[in-house]
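Chemist: My questions will all concern the structure given below.
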Amino acid sequence: MSGTIKVLVTGAAGQIAYSLVSFIAKGDVFGTNQPLSLVLLDIAPMMGVLNGVVMELKDCSFPLLKEIIPTDDYAVAFRDVDVAFLVGAMPRKEGMERKDLLAANVKIFKGQGEALDKHAKKNVKVIVVGNPANTNALICSKYAPSIPKENFTAMTRLDQNRAQAQIADRLGCKVEDVQKVIIWGNHSATQYPDVRHATAVVEGTTTPVQKAVQDDNWLKNEFISTIQKRGAAVIAARKLSSAMSAAKASCDHVRDWWCGTPEGKWVSMAVFSDGSYDVPEGLMYSFPVRTKPDHTYEIVKGLDIDDFSRQKMDLTAKELEEERATALEVCSA
Ligand SMILES: NC(=O)C1=CN([C@@H]2O[C@H](COP(=O)(O)OP(=O)(O)OC[C@H]3O[C@@H](n4cnc5c(N)ncnc54)[C@H](O)[C@@H]3O)[C@@H](O)[C@H]2O)C=CC1
Ligand SMILES: O=C([O-])CC(=O)C(=O)O
């Protein structure tokens, strides 16, 4: 058994965390051989609710869960953290875009960047889930200058999972047999779910998704728009934003980052752009990445980009540039 790792979940009294903490505690992310200390951060008025979550976690009798630390104090929450799931932030309501949350949420990530800088391990791995996730992650990193930029990521895995599920439904194949879908750009309605390099196993044969679907019109229109608007569709139906699927996706994201992607596979996560695919350097942009068991990753290079894709990739980059400008203004006010 390896040494205990310290895992922080913020927004721990909220909806996503309610599923997420049990997934983590039962070993879905770090493996069934990895003992955990789970730090649960929320704001002071939520400590009563958080206490209920702690009671339930105890009642689950998870063998891997060695310690639970509920707190509303950043100095306690961020101290010596190995992995931080930054979930805590306001969710949007029906009719809002995720960027409408910027003014309310970005200061949380400024403060948590400062806390990471001060208290966390310098090799801490950070996933930002709270919306607008890409820009919040960028701001968090800006205020944590002592932690390498590559340790900050934002979640677009839910979009990838949604895309795989839509393709599997359409083809009548297994969801795990749909591979190499890419989410480019922002976790927003401008994201570009790209199947041009994706494959699916159809009747026992690995086939390009475009060939298997045989309907470019669907792939270029309805499919893309379904993924772009799926979060809003869930809110319209549930009157609450996606929670179980968001928790599952954040586990997938961190598990692949922690354990490495299997040979020949890639996953999408928002990371700082190094200028690949002419995406402006320094934007927190979703790319296809390969990860290794030493918890490093690299952007998959050299994929061909056609005119249709170029236009969509530039549009989502432009939105991220605008969000960054607004966020910097909010943080400096
Ligand atoms: N990136 C993605 O794919 C997804 C992102 N989200 C986003 O995740 C965020 C959380 O969603 P839910 O859990 O549904 O919201 P929720 O409202 O159920 O829970 C949020 C929790 O965060 C807490 N919180 C607020 N400020 C905090 C702070 N400074 N430190 C620690 N905790 C704080 C609140 O008290 C609350 O308990 C929202 O911004 C939502 O839009 C949701 C789904 C998918
Ligand atoms: O749509 C929202 O506001 C919540 C979210 O990010 C998603 O479900 O993808």
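Ordering of the structure tokens sets the chain letters (A, B, ...); residue numbers start at 1 within each chain; ligands are numbered from 1 in the order shown.
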Could you list, as a CSV table (one decimal) with all heavy atoms, in the first residue's frame, all the residues within 6 Å of ligand 1, counting only C-alpha atoms and all ligand atoms?
Modeler:
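File written: selection.csv
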```
chain,number,residue,atom,x,y,z
A,10,THR,N,-13.3,21.2,-2.9
A,10,THR,CA,-14.0,22.4,-2.5
A,10,THR,C,-15.5,22.4,-3.0
A,10,THR,O,-15.8,21.6,-3.9
A,10,THR,CB,-13.3,23.7,-3.1
A,10,THR,OG1,-13.6,23.8,-4.5
A,10,THR,CG2,-11.8,23.6,-2.9
A,11,GLY,N,-16.3,23.2,-2.3
A,11,GLY,CA,-17.7,23.1,-2.6
A,11,GLY,C,-18.3,21.8,-2.1
A,11,GLY,O,-19.2,21.2,-2.7
A,12,ALA,N,-17.7,21.3,-1.0
A,12,ALA,CA,-17.9,19.9,-0.5
A,12,ALA,C,-19.3,19.7,0.0
A,12,ALA,O,-19.7,18.5,0.1
A,12,ALA,CB,-16.9,19.6,0.6
A,13,ALA,N,-20.0,20.8,0.3
A,13,ALA,CA,-21.4,20.6,0.7
A,13,ALA,C,-22.4,20.7,-0.5
A,13,ALA,O,-23.6,20.6,-0.3
A,13,ALA,CB,-21.8,21.6,1.8
A,14,GLY,N,-21.9,20.8,-1.7
A,14,GLY,CA,-22.7,21.0,-2.8
A,14,GLY,C,-23.1,19.8,-3.5
A,14,GLY,O,-22.8,18.6,-3.1
A,15,GLN,N,-23.8,20.0,-4.7
A,15,GLN,CA,-24.3,18.8,-5.4
A,15,GLN,C,-23.3,17.9,-6.1
A,15,GLN,O,-23.4,16.7,-6.0
A,15,GLN,CB,-25.0,19.4,-6.7
A,15,GLN,CG,-26.2,20.1,-6.7
A,15,GLN,CD,-26.8,19.9,-8.0
A,15,GLN,OE1,-27.4,18.9,-8.3
A,15,GLN,NE2,-26.5,20.8,-8.9
A,16,ILE,N,-22.3,18.5,-6.7
A,16,ILE,CA,-21.3,17.7,-7.4
A,16,ILE,C,-20.5,16.9,-6.4
A,16,ILE,O,-20.3,15.7,-6.5
A,16,ILE,CB,-20.4,18.5,-8.3
A,16,ILE,CG1,-21.2,19.2,-9.4
A,16,ILE,CG2,-19.2,17.7,-8.9
A,16,ILE,CD1,-20.4,20.2,-10.3
A,17,ALA,N,-20.1,17.6,-5.3
A,17,ALA,CA,-19.3,17.0,-4.3
A,17,ALA,C,-20.0,15.8,-3.7
A,17,ALA,O,-19.3,14.8,-3.3
A,17,ALA,CB,-18.9,18.0,-3.3
A,41,LEU,N,-13.7,21.4,1.9
A,41,LEU,CA,-13.8,22.8,2.1
A,41,LEU,C,-15.2,23.3,1.6
A,41,LEU,O,-15.6,23.0,0.5
A,41,LEU,CB,-12.7,23.5,1.4
A,41,LEU,CG,-12.8,25.1,1.4
A,41,LEU,CD1,-12.5,25.6,2.8
A,41,LEU,CD2,-11.9,25.7,0.3
A,42,ASP,N,-15.8,24.1,2.5
A,42,ASP,CA,-17.0,24.9,2.0
A,42,ASP,C,-17.0,26.1,2.8
A,42,ASP,O,-16.1,26.4,3.7
A,42,ASP,CB,-18.3,24.1,2.1
A,42,ASP,CG,-19.3,24.5,1.0
A,42,ASP,OD1,-19.8,25.6,1.1
A,42,ASP,OD2,-19.6,23.7,0.2
A,43,ILE,N,-18.0,27.0,2.6
A,43,ILE,CA,-18.1,28.3,3.3
A,43,ILE,C,-18.7,28.1,4.7
A,43,ILE,O,-19.5,27.1,4.9
A,43,ILE,CB,-18.8,29.3,2.5
A,43,ILE,CG1,-20.2,28.8,2.1
A,43,ILE,CG2,-18.0,29.7,1.2
A,43,ILE,CD1,-21.1,29.9,1.3
A,46,MET,N,-22.3,26.7,5.4
A,46,MET,CA,-22.5,25.4,5.0
A,46,MET,C,-21.9,24.3,5.9
A,46,MET,O,-22.0,23.1,5.6
A,46,MET,CB,-22.0,25.2,3.5
A,46,MET,CG,-22.7,26.0,2.5
A,46,MET,SD,-24.5,25.8,2.5
A,46,MET,CE,-24.6,24.3,1.6
A,87,VAL,N,-14.2,22.7,-7.0
A,87,VAL,CA,-15.6,22.6,-7.5
A,87,VAL,C,-16.4,23.8,-7.0
A,87,VAL,O,-17.3,24.2,-7.7
A,87,VAL,CB,-16.2,21.2,-7.0
A,87,VAL,CG1,-17.7,21.1,-7.5
A,87,VAL,CG2,-15.4,20.0,-7.4
A,88,GLY,N,-16.1,24.2,-5.8
A,88,GLY,CA,-17.0,25.2,-5.1
A,88,GLY,C,-17.1,26.5,-5.9
A,88,GLY,O,-16.1,27.3,-6.0
A,89,ALA,N,-18.2,26.8,-6.4
A,89,ALA,CA,-18.5,28.0,-7.1
A,89,ALA,C,-20.0,28.0,-7.4
A,89,ALA,O,-20.7,27.0,-7.3
A,89,ALA,CB,-17.8,28.1,-8.4
A,90,MET,N,-20.6,29.2,-7.7
A,90,MET,CA,-22.0,29.3,-8.0
A,90,MET,C,-22.3,28.6,-9.3
A,90,MET,O,-21.6,28.8,-10.3
A,90,MET,CB,-22.4,30.8,-8.1
A,90,MET,CG,-23.9,31.0,-8.0
A,90,MET,SD,-24.2,32.7,-8.5
A,90,MET,CE,-23.7,33.5,-7.0
A,91,PRO,N,-23.4,27.8,-9.4
A,91,PRO,CA,-23.8,27.2,-10.7
A,91,PRO,C,-24.7,28.2,-11.4
A,91,PRO,O,-25.3,29.0,-10.8
A,91,PRO,CB,-24.5,25.9,-10.3
A,91,PRO,CG,-24.9,26.1,-8.9
A,91,PRO,CD,-24.2,27.2,-8.3
A,92,ARG,N,-24.8,28.0,-12.7
A,92,ARG,CA,-25.7,28.9,-13.5
A,92,ARG,C,-27.2,28.4,-13.4
A,92,ARG,O,-27.4,27.3,-13.0
A,92,ARG,CB,-25.3,29.0,-14.9
A,92,ARG,CG,-25.4,27.8,-15.8
A,92,ARG,CD,-25.1,28.1,-17.2
A,92,ARG,NE,-24.9,26.8,-17.9
A,92,ARG,CZ,-25.1,26.6,-19.2
A,92,ARG,NH1,-25.5,27.7,-20.0
A,92,ARG,NH2,-24.8,25.5,-19.8
A,108,ILE,N,-13.3,33.8,-6.2
A,108,ILE,CA,-13.0,32.6,-5.4
A,108,ILE,C,-11.7,32.0,-5.9
A,108,ILE,O,-10.9,31.5,-5.1
A,108,ILE,CB,-14.2,31.6,-5.6
A,108,ILE,CG1,-15.5,32.2,-5.1
A,108,ILE,CG2,-13.9,30.3,-5.0
A,108,ILE,CD1,-16.7,31.2,-5.4
A,129,VAL,N,-13.3,22.8,-11.7
A,129,VAL,CA,-14.6,22.4,-12.3
A,129,VAL,C,-15.6,23.5,-12.2
A,129,VAL,O,-16.4,23.7,-13.1
A,129,VAL,CB,-15.2,21.2,-11.4
A,129,VAL,CG1,-16.6,20.8,-11.8
A,129,VAL,CG2,-14.3,20.0,-11.5
A,130,GLY,N,-15.5,24.4,-11.2
A,130,GLY,CA,-16.4,25.5,-11.1
A,130,GLY,C,-16.4,26.4,-12.3
A,130,GLY,O,-15.3,26.8,-12.8
A,131,ASN,N,-17.5,26.9,-12.7
A,131,ASN,CA,-17.6,27.6,-14.0
A,131,ASN,C,-17.4,29.1,-13.8
A,131,ASN,O,-17.7,29.7,-12.7
A,131,ASN,CB,-19.0,27.4,-14.6
A,131,ASN,CG,-19.0,26.1,-15.4
A,131,ASN,OD1,-18.0,25.8,-16.1
A,131,ASN,ND2,-20.1,25.3,-15.3
A,133,ALA,N,-15.0,27.3,-16.1
A,133,ALA,CA,-13.9,26.5,-15.6
A,133,ALA,C,-12.6,27.0,-16.2
A,133,ALA,O,-11.6,27.1,-15.5
A,133,ALA,CB,-14.2,25.1,-15.9
A,155,MET,N,-11.8,21.3,-16.5
A,155,MET,CA,-12.5,20.1,-16.9
A,155,MET,C,-13.3,20.3,-18.2
A,155,MET,O,-14.2,21.1,-18.2
A,155,MET,CB,-13.4,19.6,-15.8
A,155,MET,CG,-14.1,18.3,-16.2
A,155,MET,SD,-14.9,17.6,-14.8
A,155,MET,CE,-16.5,18.1,-15.0
A,156,THR,N,-13.0,19.6,-19.2
A,156,THR,CA,-13.9,19.5,-20.4
A,156,THR,C,-14.2,18.0,-20.6
A,156,THR,O,-14.7,17.6,-21.7
A,156,THR,CB,-13.2,20.1,-21.7
A,156,THR,OG1,-11.9,19.5,-21.8
A,156,THR,CG2,-13.1,21.6,-21.6
A,158,LEU,N,-16.4,16.2,-19.2
A,158,LEU,CA,-17.9,16.0,-19.3
A,158,LEU,C,-18.3,16.1,-20.7
A,158,LEU,O,-19.2,15.3,-21.2
A,158,LEU,CB,-18.6,16.9,-18.3
A,158,LEU,CG,-20.1,16.8,-18.3
A,158,LEU,CD1,-20.6,15.4,-18.1
A,158,LEU,CD2,-20.7,17.7,-17.2
A,241,SER,N,-28.0,22.2,-12.2
A,241,SER,CA,-27.0,21.8,-13.2
A,241,SER,C,-26.5,20.4,-13.0
A,241,SER,O,-26.6,19.8,-11.9
A,241,SER,CB,-25.9,22.8,-13.3
A,241,SER,OG,-25.1,22.8,-12.2
A,242,SER,N,-25.9,19.8,-14.0
A,242,SER,CA,-25.4,18.4,-14.0
A,242,SER,C,-24.5,18.2,-12.8
A,242,SER,O,-23.6,19.0,-12.5
A,242,SER,CB,-24.5,18.2,-15.2
A,242,SER,OG,-25.0,18.7,-16.3
A,243,ALA,N,-24.7,17.1,-12.1
A,243,ALA,CA,-23.9,16.9,-10.9
A,243,ALA,C,-23.3,15.5,-10.9
A,243,ALA,O,-22.1,15.4,-10.8
A,243,ALA,CB,-24.8,17.1,-9.6
A,246,ALA,N,-21.0,15.3,-13.8
A,246,ALA,CA,-19.9,16.2,-13.6
A,246,ALA,C,-18.9,15.5,-12.6
A,246,ALA,O,-17.7,15.6,-12.8
A,246,ALA,CB,-20.3,17.5,-13.1
```
Chemist: Do a neighbour search on Gln164 (chain A) at 12 Å with only C-alpha atoms, toss out local chain neighbours closer than 6 positions, and write the hits as a PyMOL selection string.
Modeler: chain A and resi 157-158+170-183+193-195+198-200+209+223-224+227+267-268
Chemist: Please provide as a PyMOL selection string all residues within 12 Å of Glu323 (chain A), with the sequence filter that same-chain residues fewer than 6 positions apart are discarded (counting only C-alpha atoms).
Modeler: chain A and resi 98-103+106+131-139+186-188+283-285+316-317+329-330
Chemist: Using only C-alpha atoms and all ligand atoms, which residue out of A:Val300, A:Cys60, A:Ala232, A:Val279 lies closest to ligand 2?
Modeler: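 For ligand 2, the nearest of the candidates is A:Ala232.
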Chemist: Write down as a VMD selection string the residues belonging to region 87-160 of chain A that are assigned strand (DSSP E or B) by DSSP computed on the backbone.
Modeler: chain A and resid 125 to 128 152 to 154
Chemist: Pick out the residues sitting within 10 Å of Phe78 (chain A), and hand them over as a count of residues only; count only C-alpha atoms, and ignore anything fewer than 6 positions along from it in its own chain.
Modeler: 19
Chemist: Got a sec: who's within 10 Å of region 52-58 of chain A, counting only C-alpha atoms, leaving out chain neighbours fewer than 2 positions off, as a ChimeraX atom specification?
Modeler: /A:12-14,17-18,21-22,25,40,47-50,60-62,65,67-70
Chemist: Which residue gives the smallest distance to ligand 2 among A:Leu219, A:Ile305, A:Val201, A:Val128, with only C-alpha atoms and all ligand atoms counted?
Modeler: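 Between A:Leu219, A:Ile305, A:Val201, A:Val128, the residue approaching ligand 2 most closely is A:Val128.
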Chemist: Give the answer as one residue: which of A:Asn33, A:Asn217, A:Thr226, A:Ser19 has the shortest atom-to-atom distance to ligand 2, using only C-alpha atoms and all ligand atoms?
Modeler: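 Of A:Asn33, A:Asn217, A:Thr226, A:Ser19, the one nearest ligand 2, counting only C-alpha atoms and all ligand atoms, is A:Thr226.
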Chemist: Pick from A:Ser250, A:Gln191, A:Thr206, A:Ser245: nearest to ligand 2, with only C-alpha atoms and all ligand atoms counted?
Modeler: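 Result for the nearest residue to ligand 2: A:Ser245.
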Chemist: I want to know what sits within 9 Å of Asp256 (chain A), based on only C-alpha atoms, with residues of the same chain fewer than 4 positions away left out; could you give that as a PDB file with all heavy atoms, in the first residue's frame?
Modeler:
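The new file around32.pdb reads:
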```pdb
ATOM      1  N   VAL A  29     -10.535   6.998  -8.399  1.00  0.00           N
ATOM      2  CA  VAL A  29      -9.609   7.951  -9.022  1.00  0.00           C
ATOM      3  C   VAL A  29      -8.163   7.509  -8.857  1.00  0.00           C
ATOM      4  O   VAL A  29      -7.405   7.416  -9.830  1.00  0.00           O
ATOM      5  CB  VAL A  29      -9.799   9.366  -8.416  1.00  0.00           C
ATOM      6  CG1 VAL A  29      -8.863  10.361  -9.092  1.00  0.00           C
ATOM      7  CG2 VAL A  29     -11.249   9.807  -8.547  1.00  0.00           C
ATOM      8  N   CYS A 251     -13.682  12.695 -11.958  1.00  0.00           N
ATOM      9  CA  CYS A 251     -12.908  11.484 -11.590  1.00  0.00           C
ATOM     10  C   CYS A 251     -12.148  10.949 -12.804  1.00  0.00           C
ATOM     11  O   CYS A 251     -10.969  10.584 -12.700  1.00  0.00           O
ATOM     12  CB  CYS A 251     -13.836  10.390 -11.065  1.00  0.00           C
ATOM     13  SG  CYS A 251     -14.541  10.787  -9.478  1.00  0.00           S
ATOM     14  N   ASP A 252     -12.805  10.893 -13.944  1.00  0.00           N
ATOM     15  CA  ASP A 252     -12.131  10.407 -15.167  1.00  0.00           C
ATOM     16  C   ASP A 252     -10.910  11.267 -15.487  1.00  0.00           C
ATOM     17  O   ASP A 252      -9.838  10.757 -15.823  1.00  0.00           O
ATOM     18  CB  ASP A 252     -13.092  10.467 -16.373  1.00  0.00           C
ATOM     19  CG  ASP A 252     -14.218   9.440 -16.291  1.00  0.00           C
ATOM     20  OD1 ASP A 252     -14.113   8.490 -15.494  1.00  0.00           O
ATOM     21  OD2 ASP A 252     -15.219   9.602 -17.038  1.00  0.00           O
ATOM     22  N   GLY A 260      -2.231   7.869 -16.078  1.00  0.00           N
ATOM     23  CA  GLY A 260      -1.751   7.792 -17.460  1.00  0.00           C
ATOM     24  C   GLY A 260      -2.816   7.224 -18.393  1.00  0.00           C
ATOM     25  O   GLY A 260      -3.597   6.361 -18.004  1.00  0.00           O
ATOM     26  N   THR A 261      -2.816   7.760 -19.629  1.00  0.00           N
ATOM     27  CA  THR A 261      -3.767   7.244 -20.632  1.00  0.00           C
ATOM     28  C   THR A 261      -3.229   5.942 -21.206  1.00  0.00           C
ATOM     29  O   THR A 261      -2.019   5.805 -21.422  1.00  0.00           O
ATOM     30  CB  THR A 261      -3.950   8.259 -21.782  1.00  0.00           C
ATOM     31  OG1 THR A 261      -2.676   8.848 -22.086  1.00  0.00           O
ATOM     32  CG2 THR A 261      -4.927   9.341 -21.439  1.00  0.00           C
ATOM     33  N   PRO A 262      -4.107   4.972 -21.476  1.00  0.00           N
ATOM     34  CA  PRO A 262      -3.643   3.736 -22.108  1.00  0.00           C
ATOM     35  C   PRO A 262      -3.004   4.027 -23.472  1.00  0.00           C
ATOM     36  O   PRO A 262      -3.355   5.011 -24.127  1.00  0.00           O
ATOM     37  CB  PRO A 262      -4.931   2.925 -22.276  1.00  0.00           C
ATOM     38  CG  PRO A 262      -5.927   3.545 -21.347  1.00  0.00           C
ATOM     39  CD  PRO A 262      -5.551   4.983 -21.219  1.00  0.00           C
ATOM     40  N   VAL A 267      -7.160  11.918 -24.230  1.00  0.00           N
ATOM     41  CA  VAL A 267      -8.340  12.487 -23.571  1.00  0.00           C
ATOM     42  C   VAL A 267      -8.268  14.000 -23.718  1.00  0.00           C
ATOM     43  O   VAL A 267      -7.200  14.545 -24.016  1.00  0.00           O
ATOM     44  CB  VAL A 267      -8.398  12.104 -22.078  1.00  0.00           C
ATOM     45  CG1 VAL A 267      -8.657  10.630 -21.895  1.00  0.00           C
ATOM     46  CG2 VAL A 267      -7.112  12.518 -21.338  1.00  0.00           C
ATOM     47  N   ARG A 290      -2.071  13.377 -24.007  1.00  0.00           N
ATOM     48  CA  ARG A 290      -1.678  12.044 -23.519  1.00  0.00           C
ATOM     49  C   ARG A 290      -1.019  12.243 -22.172  1.00  0.00           C
ATOM     50  O   ARG A 290      -0.245  13.183 -21.998  1.00  0.00           O
ATOM     51  CB  ARG A 290      -0.662  11.390 -24.469  1.00  0.00           C
ATOM     52  CG  ARG A 290      -1.274  10.907 -25.737  1.00  0.00           C
ATOM     53  CD  ARG A 290      -0.350   9.928 -26.468  1.00  0.00           C
ATOM     54  NE  ARG A 290      -0.865   9.717 -27.804  1.00  0.00           N
ATOM     55  CZ  ARG A 290      -0.500  10.426 -28.867  1.00  0.00           C
ATOM     56  NH1 ARG A 290       0.439  11.355 -28.755  1.00  0.00           N
ATOM     57  NH2 ARG A 290      -1.045  10.199 -30.034  1.00  0.00           N
ATOM     58  N   THR A 291      -1.345  11.350 -21.240  1.00  0.00           N
ATOM     59  CA  THR A 291      -0.779  11.489 -19.898  1.00  0.00           C
ATOM     60  C   THR A 291       0.064  10.257 -19.583  1.00  0.00           C
ATOM     61  O   THR A 291      -0.097   9.202 -20.203  1.00  0.00           O
ATOM     62  CB  THR A 291      -1.908  11.610 -18.864  1.00  0.00           C
ATOM     63  OG1 THR A 291      -2.698  10.421 -18.936  1.00  0.00           O
ATOM     64  CG2 THR A 291      -2.787  12.801 -19.128  1.00  0.00           C
ATOM     65  N   LYS A 292       0.960  10.426 -18.606  1.00  0.00           N
ATOM     66  CA  LYS A 292       1.840   9.313 -18.204  1.00  0.00           C
ATOM     67  C   LYS A 292       1.670   9.043 -16.712  1.00  0.00           C
ATOM     68  O   LYS A 292       1.249   9.932 -15.966  1.00  0.00           O
ATOM     69  CB  LYS A 292       3.300   9.694 -18.466  1.00  0.00           C
ATOM     70  CG  LYS A 292       3.602   9.874 -19.929  1.00  0.00           C
ATOM     71  CD  LYS A 292       5.114   9.836 -20.129  1.00  0.00           C
ATOM     72  CE  LYS A 292       5.512  10.560 -21.405  1.00  0.00           C
ATOM     73  NZ  LYS A 292       6.566  11.525 -21.193  1.00  0.00           N
ATOM     74  N   PRO A 293       2.028   7.834 -16.263  1.00  0.00           N
ATOM     75  CA  PRO A 293       1.847   7.518 -14.834  1.00  0.00           C
ATOM     76  C   PRO A 293       2.673   8.382 -13.894  1.00  0.00           C
ATOM     77  O   PRO A 293       2.438   8.369 -12.694  1.00  0.00           O
ATOM     78  CB  PRO A 293       2.279   6.041 -14.742  1.00  0.00           C
ATOM     79  CG  PRO A 293       2.198   5.528 -16.128  1.00  0.00           C
ATOM     80  CD  PRO A 293       2.459   6.681 -17.055  1.00  0.00           C
ATOM     81  N   HIS A 295       2.332  11.411 -13.809  1.00  0.00           N
ATOM     82  CA  HIS A 295       1.410  12.554 -13.681  1.00  0.00           C
ATOM     83  C   HIS A 295       1.791  13.733 -14.595  1.00  0.00           C
ATOM     84  O   HIS A 295       1.450  14.880 -14.301  1.00  0.00           O
ATOM     85  CB  HIS A 295       1.303  13.073 -12.241  1.00  0.00           C
ATOM     86  CG  HIS A 295       1.319  12.021 -11.175  1.00  0.00           C
ATOM     87  ND1 HIS A 295       0.644  10.833 -11.291  1.00  0.00           N
ATOM     88  CD2 HIS A 295       1.915  11.997  -9.961  1.00  0.00           C
ATOM     89  CE1 HIS A 295       0.845  10.117 -10.197  1.00  0.00           C
ATOM     90  NE2 HIS A 295       1.615  10.796  -9.375  1.00  0.00           N
TER      91      HIS A 295
END
```
Chemist: Name all residues at most 12 Å from Asp274 (chain A) (count only C-alpha atoms; drop same-chain ones fewer than 2 positions away) and give them as a PDB file with C-alpha atoms, in the first residue's frame.
Modeler:
```
ATOM      1  CA  LYS A 149       1.539  26.270 -14.772  1.00  0.00           C
ATOM      2  CA  GLU A 150       1.180  22.744 -16.097  1.00  0.00           C
ATOM      3  CA  ALA A 270      -8.115  22.296 -20.739  1.00  0.00           C
ATOM      4  CA  VAL A 271      -4.449  23.145 -20.165  1.00  0.00           C
ATOM      5  CA  PHE A 272      -2.284  26.183 -20.829  1.00  0.00           C
ATOM      6  CA  SER A 276       0.022  24.282 -30.519  1.00  0.00           C
ATOM      7  CA  TYR A 277      -2.466  24.426 -33.401  1.00  0.00           C
ATOM      8  CA  ASP A 278      -2.001  28.222 -33.460  1.00  0.00           C
ATOM      9  CA  VAL A 279      -4.004  28.571 -30.267  1.00  0.00           C
ATOM     10  CA  PRO A 280      -2.674  31.737 -28.593  1.00  0.00           C
ATOM     11  CA  GLU A 281      -0.044  30.812 -26.020  1.00  0.00           C
ATOM     12  CA  GLY A 282      -1.164  31.181 -22.412  1.00  0.00           C
ATOM     13  CA  LEU A 283      -4.885  30.554 -22.946  1.00  0.00           C
ATOM     14  CA  MET A 284      -6.436  27.782 -20.842  1.00  0.00           C
ATOM     15  CA  TYR A 285      -7.760  25.811 -23.828  1.00  0.00           C
ATOM     16  CA  SER A 286      -9.005  22.247 -24.157  1.00  0.00           C
ATOM     17  CA  PHE A 287      -6.727  20.031 -26.252  1.00  0.00           C
ATOM     18  CA  GLU A 298       1.621  16.393 -23.393  1.00  0.00           C
ATOM     19  CA  ILE A 299      -0.642  17.946 -25.982  1.00  0.00           C
ATOM     20  CA  VAL A 300      -1.124  15.573 -28.928  1.00  0.00           C
ATOM     21  CA  LYS A 301       0.631  17.287 -31.839  1.00  0.00           C
TER      22      LYS A 301
END
```
Chemist: Please return as a list in words: the residues of region 273-324 of chain A that backbone DSSP assigns to helix (DSSP H, G or I).
Modeler: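 So, restricting region 273-324 of chain A to helix (DSSP H, G or I), we get Ser276, Tyr277, Asp278, Asp307, Phe308, Ser309, Arg310, Gln311, Lys312, Met313, Asp314, Leu315, Thr316, Ala317, Lys318, Glu319, Leu320, Glu321, Glu322, Glu323 and Arg324 of chain A.
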Chemist: Using only C-alpha atoms and all ligand atoms, find the one residue out of A:Val234, A:Ala212, A:Ala163, A:Cys331 that sits nearest to ligand 2.
Modeler: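 Counting only C-alpha atoms and all ligand atoms, the residue closest to ligand 2 is A:Val234.
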